[in-house]
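Presented below is the structure to which this report refers.
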Amino acid sequence: MVMPVLSRKFKRTVHPALVMLLLIVTSHSSGNPQTKEKFVDTGKSTVKIICTFVLNDYCSPWKVKSHSTKAGSGAVITGKRILTNAHVVSDATFIQVQMENSPVLYNASVLHVSHEADVAVIKVDDENFFKGTIPLELGGLPKLRTSVTISGYPVGGERIAITEGVISRIEIGKYSHDGDASFLMIQTDAAINPGNSGGPAIQNGKIVGLAFQVRTKTSNIGYLIPASVINHFLTDVEDGVYDGFPSLGIMTEKLLNRSYREFLGMGETRTGVVITSVIRGGSAEKYLNEKDVLLSIDGYPIANDGSISFPDGRIGMSHLIYLKQKGEKIELVILRNQKEMTLIFPVKQQFSRINWSNEYGRKPRYIIFSGLVFQVLSNEYLKCWDKTYDTSDLTILYAFYFHNTDMIDLGRKEFIVINQVLPDTSNSYLADIHDRIVNEINGIPINSLDDILKSVQKPSGDFHLIKLEGVNKPVVINAKGVDEADKRIMKNYKIPALSRLK
């Protein structure tokens, strides 16, 4: 695992619903003639999805943006369910589905969703929709240079489009919808067309992937979510609850330098990666230490570059971890103080005090007090910034990127910031107090958003004293005028509620 690149969080990004709407293969078939995919009629298995959605406004967290509509595709699978991408139905307020050659639109709703894996299952309220449909089964991992048939409903027509593409690469890559997660993905020589997202990629009559994203500023490079990731999701939700993909909760570095390997006592035959940080609360917290060398996972030797052997090449070792379900055990061989050890322990999803991922399906939490807007530090919050490094508050950046590795303020459940100040007579000359981490209010440490409400109940005499990270003097608010100021601010700024805690 590696730390995120600092600069990538400050690039202005297009919303994933636009970036990834979506994929259709229109390329020639150049695969091995012996493995060329035969034509499969998926007209009774591929679904058109129309979704009305509303995005939240993290810059003004009490607001929502205007509703919009997006279209995608899906595949009918067993259990009268439809498999599609999470980004096709994210932030949905109304979903409809339609089959090929049918004029009827059926109402649907999300049954289960994984935003990190960009996979969702939706259900249709009227079971008559499934009459005449043919559910598809999941297949395995396709071979390189073989062809797949991709079906979906791209823009430019109303009917289903069925095309072919060649599998050109299989490796670990970033899933754009989540913005932070990286899983196995299949590359194909696909053209880009909105509407094909969530459409099934078929080989030997089974789903080997879902079309889900493309590489921008290139031509004919598209990606499929492989069946292994989809299967992990479907197995996970069999109990009705989505737990997610587990993590070891460690940071590692490659061991390409011979001298460093000699320093660690690895000898000539051992290979692996060195653990540089063990994240608090992670799966490995009680088992692994910094400077341990990770030699193998579940019997798969780890190379000095962090890769493992894989059909048709090598991939990152994280693939072995993401194959696990929550609670399953993992076997590690490590080198500690030049002695080999075998460790076996269960894995779980990594909890993070700051969300590095894009957020969907939830409204931003906030508190407005005398015009000061308190909010949780997150990736969505940083998207509101229109700043450069020269104008950014480095204390926020430091907390955002290094809160785990540097174990910053371990007592905090989350980091609370002042997003902005809504000008009012109660907060005159405080407009420049924004984008700052809140440390304390009226002597009470602020370790979560709930602490804001507790702290403002007990002013320091006639005033509320707010201490911010990196600011020597406190922010001072007259306690006597707060109630009237809140009423005035709600009216003037058309704010429906002064807080949202859930």
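Following the order of the structure tokens, first chain is A, next is B, and so on, with residues numbered from 1 inside each chain and ligands from 1 in the order they appear.
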
Surrounding residues of region 113-121 of chain A excluding itself and chain neighbours under 6 positions, 7 Å, only C-alpha atoms, as number ranges by chain: A: 81-87, 177-178, 181, 230

Neighbour list for region 279-285 of chain A as an MDAnalysis selection string, cut-off 9 Å, only C-alpha atoms, skip fewer than 4 positions in-chain: chainID A and resid 246:251 289 345:352 404:405 407 410

DSSP helix (DSSP H, G or I) residues within region 310-458 of chain A, as a ChimeraX atom specification: /A:318-322,379-382,394-402,425-427,450-455

Selection from above, N, CA and C atoms, as a PDB file, in the first residue's frame, can you write it?
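Written out: out_28.pdb:
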ATOM      1  N   SER A 318      -2.213  -6.575  -2.851  1.00  0.00           N
ATOM      2  CA  SER A 318      -3.482  -6.193  -2.229  1.00  0.00           C
ATOM      3  C   SER A 318      -4.647  -7.025  -2.745  1.00  0.00           C
ATOM      4  N   HIS A 319      -4.504  -7.599  -3.943  1.00  0.00           N
ATOM      5  CA  HIS A 319      -5.569  -8.428  -4.509  1.00  0.00           C
ATOM      6  C   HIS A 319      -5.907  -9.593  -3.587  1.00  0.00           C
ATOM      7  N   LEU A 320      -4.898 -10.186  -2.942  1.00  0.00           N
ATOM      8  CA  LEU A 320      -5.138 -11.322  -2.056  1.00  0.00           C
ATOM      9  C   LEU A 320      -5.955 -10.920  -0.832  1.00  0.00           C
ATOM     10  N   ILE A 321      -5.778  -9.707  -0.381  1.00  0.00           N
ATOM     11  CA  ILE A 321      -6.499  -9.226   0.799  1.00  0.00           C
ATOM     12  C   ILE A 321      -7.944  -8.921   0.442  1.00  0.00           C
ATOM     13  N   TYR A 322      -8.151  -8.288  -0.726  1.00  0.00           N
ATOM     14  CA  TYR A 322      -9.499  -7.905  -1.114  1.00  0.00           C
ATOM     15  C   TYR A 322     -10.365  -9.097  -1.490  1.00  0.00           C
ATOM     16  N   ASN A 379     -12.900  14.287   2.133  1.00  0.00           N
ATOM     17  CA  ASN A 379     -12.573  14.508   0.728  1.00  0.00           C
ATOM     18  C   ASN A 379     -13.600  15.422   0.071  1.00  0.00           C
ATOM     19  N   GLU A 380     -14.881  15.218   0.372  1.00  0.00           N
ATOM     20  CA  GLU A 380     -15.932  16.061  -0.210  1.00  0.00           C
ATOM     21  C   GLU A 380     -15.785  17.505   0.238  1.00  0.00           C
ATOM     22  N   TYR A 381     -15.386  17.712   1.479  1.00  0.00           N
ATOM     23  CA  TYR A 381     -15.167  19.075   1.966  1.00  0.00           C
ATOM     24  C   TYR A 381     -14.047  19.751   1.178  1.00  0.00           C
ATOM     25  N   LEU A 382     -12.941  19.026   0.928  1.00  0.00           N
ATOM     26  CA  LEU A 382     -11.817  19.626   0.221  1.00  0.00           C
ATOM     27  C   LEU A 382     -12.144  19.930  -1.226  1.00  0.00           C
ATOM     28  N   LEU A 394      -2.090  24.665   5.756  1.00  0.00           N
ATOM     29  CA  LEU A 394      -1.299  23.439   5.787  1.00  0.00           C
ATOM     30  C   LEU A 394      -1.660  22.550   6.968  1.00  0.00           C
ATOM     31  N   THR A 395      -2.236  23.111   8.029  1.00  0.00           N
ATOM     32  CA  THR A 395      -2.634  22.274   9.154  1.00  0.00           C
ATOM     33  C   THR A 395      -3.758  21.326   8.749  1.00  0.00           C
ATOM     34  N   ILE A 396      -4.664  21.791   7.887  1.00  0.00           N
ATOM     35  CA  ILE A 396      -5.729  20.921   7.395  1.00  0.00           C
ATOM     36  C   ILE A 396      -5.153  19.848   6.480  1.00  0.00           C
ATOM     37  N   LEU A 397      -4.241  20.248   5.602  1.00  0.00           N
ATOM     38  CA  LEU A 397      -3.638  19.273   4.696  1.00  0.00           C
ATOM     39  C   LEU A 397      -2.859  18.216   5.467  1.00  0.00           C
ATOM     40  N   TYR A 398      -2.140  18.633   6.477  1.00  0.00           N
ATOM     41  CA  TYR A 398      -1.361  17.695   7.286  1.00  0.00           C
ATOM     42  C   TYR A 398      -2.281  16.690   7.982  1.00  0.00           C
ATOM     43  N   ALA A 399      -3.347  17.184   8.586  1.00  0.00           N
ATOM     44  CA  ALA A 399      -4.294  16.289   9.254  1.00  0.00           C
ATOM     45  C   ALA A 399      -4.949  15.342   8.253  1.00  0.00           C
ATOM     46  N   PHE A 400      -5.302  15.859   7.084  1.00  0.00           N
ATOM     47  CA  PHE A 400      -6.009  15.055   6.086  1.00  0.00           C
ATOM     48  C   PHE A 400      -5.153  13.884   5.615  1.00  0.00           C
ATOM     49  N   TYR A 401      -3.900  14.144   5.307  1.00  0.00           N
ATOM     50  CA  TYR A 401      -3.065  13.110   4.701  1.00  0.00           C
ATOM     51  C   TYR A 401      -2.339  12.224   5.699  1.00  0.00           C
ATOM     52  N   PHE A 402      -1.993  12.770   6.862  1.00  0.00           N
ATOM     53  CA  PHE A 402      -1.096  12.044   7.747  1.00  0.00           C
ATOM     54  C   PHE A 402      -1.690  11.740   9.119  1.00  0.00           C
ATOM     55  N   THR A 425     -24.406  40.531  12.168  1.00  0.00           N
ATOM     56  CA  THR A 425     -23.900  41.457  13.184  1.00  0.00           C
ATOM     57  C   THR A 425     -23.279  40.715  14.372  1.00  0.00           C
ATOM     58  N   SER A 426     -23.669  39.474  14.602  1.00  0.00           N
ATOM     59  CA  SER A 426     -23.146  38.701  15.740  1.00  0.00           C
ATOM     60  C   SER A 426     -21.730  38.198  15.497  1.00  0.00           C
ATOM     61  N   ASN A 427     -21.285  38.200  14.235  1.00  0.00           N
ATOM     62  CA  ASN A 427     -19.946  37.681  13.942  1.00  0.00           C
ATOM     63  C   ASN A 427     -19.131  38.663  13.088  1.00  0.00           C
ATOM     64  N   ASP A 450     -20.576  16.059  17.435  1.00  0.00           N
ATOM     65  CA  ASP A 450     -21.471  16.090  18.597  1.00  0.00           C
ATOM     66  C   ASP A 450     -20.931  16.986  19.710  1.00  0.00           C
ATOM     67  N   ASP A 451     -19.609  17.090  19.797  1.00  0.00           N
ATOM     68  CA  ASP A 451     -19.002  17.910  20.856  1.00  0.00           C
ATOM     69  C   ASP A 451     -19.301  19.395  20.671  1.00  0.00           C
ATOM     70  N   ILE A 452     -19.616  19.810  19.450  1.00  0.00           N
ATOM     71  CA  ILE A 452     -19.947  21.223  19.218  1.00  0.00           C
ATOM     72  C   ILE A 452     -21.201  21.588  20.001  1.00  0.00           C
ATOM     73  N   LEU A 453     -22.229  20.759  19.883  1.00  0.00           N
ATOM     74  CA  LEU A 453     -23.487  21.049  20.596  1.00  0.00           C
ATOM     75  C   LEU A 453     -23.292  21.062  22.103  1.00  0.00           C
ATOM     76  N   LYS A 454     -22.486  20.144  22.610  1.00  0.00           N
ATOM     77  CA  LYS A 454     -22.241  20.105  24.054  1.00  0.00           C
ATOM     78  C   LYS A 454     -21.504  21.353  24.516  1.00  0.00           C
ATOM     79  N   SER A 455     -20.505  21.761  23.756  1.00  0.00           N
ATOM     80  CA  SER A 455     -19.641  22.861  24.193  1.00  0.00           C
ATOM     81  C   SER A 455     -20.348  24.211  24.213  1.00  0.00           C
TER      82      SER A 455
END

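Inside region 77-122 of chain A, the residues DSSP reads as strand (DSSP E or B) when given the backbone are A:Ile77, A:Arg81, A:Ile82, A:Leu83, A:Thr84, A:Ala92, A:Thr93, A:Phe94, A:Ile95, A:Gln96, A:Val97, A:Gln98, A:Met99, A:Tyr106, A:Asn107, A:Ala108, A:Ser109, A:Val110, A:Leu111, A:His112, A:Val113, A:Ser114, A:Val119, A:Ala120, A:Val121, A:Ile122.
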
What does the file look like for those residues with C-alpha atoms, as a short mmCIF file (atom, residue, chain, number, x, y, z; two decimals), in the first residue's frame?
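Below is the file again.cif, written as the result:
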data_model
loop_
_atom_site.label_atom_id
_atom_site.label_comp_id
_atom_site.auth_asym_id
_atom_site.auth_seq_id
_atom_site.Cartn_x
_atom_site.Cartn_y
_atom_site.Cartn_z
CA ILE A 77 -29.14 -12.03 -12.77
CA ARG A 81 -32.26 -8.83 -9.57
CA ILE A 82 -30.47 -6.37 -11.85
CA LEU A 83 -26.71 -5.94 -11.62
CA THR A 84 -25.28 -2.53 -12.53
CA ALA A 92 -30.97 8.37 -6.82
CA THR A 93 -34.37 9.83 -6.05
CA PHE A 94 -36.22 7.90 -8.78
CA ILE A 95 -35.16 4.89 -10.87
CA GLN A 96 -36.87 3.30 -13.88
CA VAL A 97 -35.85 0.31 -16.00
CA GLN A 98 -36.80 -0.81 -19.48
CA MET A 99 -36.20 -3.91 -21.59
CA TYR A 106 -40.90 -0.03 -14.55
CA ASN A 107 -40.08 1.59 -11.23
CA ALA A 108 -37.03 0.23 -9.44
CA SER A 109 -35.02 0.81 -6.27
CA VAL A 110 -31.54 0.07 -4.94
CA LEU A 111 -31.29 -3.21 -3.02
CA HIS A 112 -27.54 -3.22 -2.24
CA VAL A 113 -24.68 -0.98 -3.26
CA SER A 114 -20.88 -0.89 -2.97
CA VAL A 119 -21.32 -2.30 -8.09
CA ALA A 120 -25.01 -2.26 -7.21
CA VAL A 121 -28.02 -4.55 -7.29
CA ILE A 122 -31.44 -3.03 -7.91
#

Test item: residues at most 9 Å from Asp91 (chain A), only C-alpha atoms, excluding those fewer than 6 positions along its chain, as number ranges by chain: A: 52-56, 360-362

d(CA of Glu340 (chain A), CA of Thr271 (chain A)) in Å: 12.2 Å

Interatomic distance (Å, one decimal) between CA of Arg261 (chain A) and CA of Ile172 (chain A):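 It comes out at 25.7 Å.
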
Nearest to Phe374 (chain A) by atom-to-atom distance, counting only C-alpha atoms, from A:Lys48, A:Arg258, A:Arg500, A:Lys458: A:Arg500

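Distances here use only C-alpha atoms; by that measure, the residue among A:Asp386, A:Ile302, A:Gly265, A:Pro364 closest to Lys339 (chain A) is A:Gly265.
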
Pick from A:Gly195, A:Asn419, A:Val438, A:Pro154, whichever lies nearest to Cys384 (chain A) using only C-alpha atoms: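 Closest to Cys384 (chain A) of all the choices is A:Asn419.
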
Test item: residues at most 10 Å from Leu498 (chain A), only C-alpha atoms, excluding those fewer than 2 positions along its chain, as a list in words: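 Counting only the stated atoms, we get Trp62, Tyr366, Ile367, Ile368, Phe369, Ser370, Gly371, Val373, Asp486, Lys487, Ile489, Met490, Ile495, Pro496 and Arg500 of chain A.
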
Residue selection dump (N, CA and C atoms) as a PDB file, in the first residue's frame:
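Output below, filename out07.pdb:
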ATOM      1  N   TRP A  62     -26.349  22.691   4.012  1.00  0.00           N
ATOM      2  CA  TRP A  62     -27.798  22.663   4.228  1.00  0.00           C
ATOM      3  C   TRP A  62     -28.565  22.645   2.904  1.00  0.00           C
ATOM      4  N   TYR A 366     -23.491  18.835   9.612  1.00  0.00           N
ATOM      5  CA  TYR A 366     -23.017  20.202   9.899  1.00  0.00           C
ATOM      6  C   TYR A 366     -23.721  20.753  11.124  1.00  0.00           C
ATOM      7  N   ILE A 367     -23.165  21.838  11.653  1.00  0.00           N
ATOM      8  CA  ILE A 367     -23.811  22.637  12.702  1.00  0.00           C
ATOM      9  C   ILE A 367     -23.535  24.098  12.376  1.00  0.00           C
ATOM     10  N   ILE A 368     -24.567  24.928  12.438  1.00  0.00           N
ATOM     11  CA  ILE A 368     -24.404  26.377  12.262  1.00  0.00           C
ATOM     12  C   ILE A 368     -24.654  27.048  13.610  1.00  0.00           C
ATOM     13  N   PHE A 369     -23.673  27.798  14.078  1.00  0.00           N
ATOM     14  CA  PHE A 369     -23.768  28.463  15.366  1.00  0.00           C
ATOM     15  C   PHE A 369     -23.331  29.912  15.197  1.00  0.00           C
ATOM     16  N   SER A 370     -24.278  30.835  15.358  1.00  0.00           N
ATOM     17  CA  SER A 370     -24.019  32.269  15.213  1.00  0.00           C
ATOM     18  C   SER A 370     -23.347  32.578  13.868  1.00  0.00           C
ATOM     19  N   GLY A 371     -23.744  31.821  12.830  1.00  0.00           N
ATOM     20  CA  GLY A 371     -23.222  32.048  11.488  1.00  0.00           C
ATOM     21  C   GLY A 371     -21.964  31.277  11.155  1.00  0.00           C
ATOM     22  N   VAL A 373     -20.168  27.967  10.330  1.00  0.00           N
ATOM     23  CA  VAL A 373     -20.587  26.669   9.803  1.00  0.00           C
ATOM     24  C   VAL A 373     -19.517  25.635  10.142  1.00  0.00           C
ATOM     25  N   ASP A 486     -29.157  33.316  15.474  1.00  0.00           N
ATOM     26  CA  ASP A 486     -29.471  32.068  14.770  1.00  0.00           C
ATOM     27  C   ASP A 486     -30.788  32.169  14.014  1.00  0.00           C
ATOM     28  N   LYS A 487     -31.795  32.771  14.655  1.00  0.00           N
ATOM     29  CA  LYS A 487     -33.090  32.943  13.988  1.00  0.00           C
ATOM     30  C   LYS A 487     -32.949  33.856  12.766  1.00  0.00           C
ATOM     31  N   ILE A 489     -30.215  34.466  11.009  1.00  0.00           N
ATOM     32  CA  ILE A 489     -29.397  33.815   9.976  1.00  0.00           C
ATOM     33  C   ILE A 489     -30.213  32.768   9.222  1.00  0.00           C
ATOM     34  N   MET A 490     -31.032  32.009   9.930  1.00  0.00           N
ATOM     35  CA  MET A 490     -31.882  31.022   9.259  1.00  0.00           C
ATOM     36  C   MET A 490     -32.803  31.693   8.246  1.00  0.00           C
ATOM     37  N   ILE A 495     -32.102  28.867   5.549  1.00  0.00           N
ATOM     38  CA  ILE A 495     -31.558  27.627   6.077  1.00  0.00           C
ATOM     39  C   ILE A 495     -32.674  26.858   6.782  1.00  0.00           C
ATOM     40  N   PRO A 496     -33.001  25.659   6.354  1.00  0.00           N
ATOM     41  CA  PRO A 496     -34.114  24.911   6.960  1.00  0.00           C
ATOM     42  C   PRO A 496     -33.832  24.423   8.368  1.00  0.00           C
ATOM     43  N   ARG A 500     -27.416  19.163  11.192  1.00  0.00           N
ATOM     44  CA  ARG A 500     -27.728  17.798  10.739  1.00  0.00           C
ATOM     45  C   ARG A 500     -26.606  16.919  11.270  1.00  0.00           C
TER      46      ARG A 500
END

Selected residue of minimal separation from Lys291 (chain A) among A:Val421, A:Met266, A:Leu335, A:Ile186, counting only C-alpha atoms: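 Nearest candidate to Lys291 (chain A) out of A:Val421, A:Met266, A:Leu335, A:Ile186: A:Leu335.
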
Test item: residues at most 10 Å from Asp41 (chain A), only C-alpha atoms, excluding those fewer than 5 positions along its chain, as a ChimeraX atom specification: /A:46,149,151,162,205

Contacts of Gly152 (chain A) at 6 Å (only C-alpha atoms; same-chain gap of 4+ positions) as a ChimeraX atom specification: /A:73,160-161,196,199
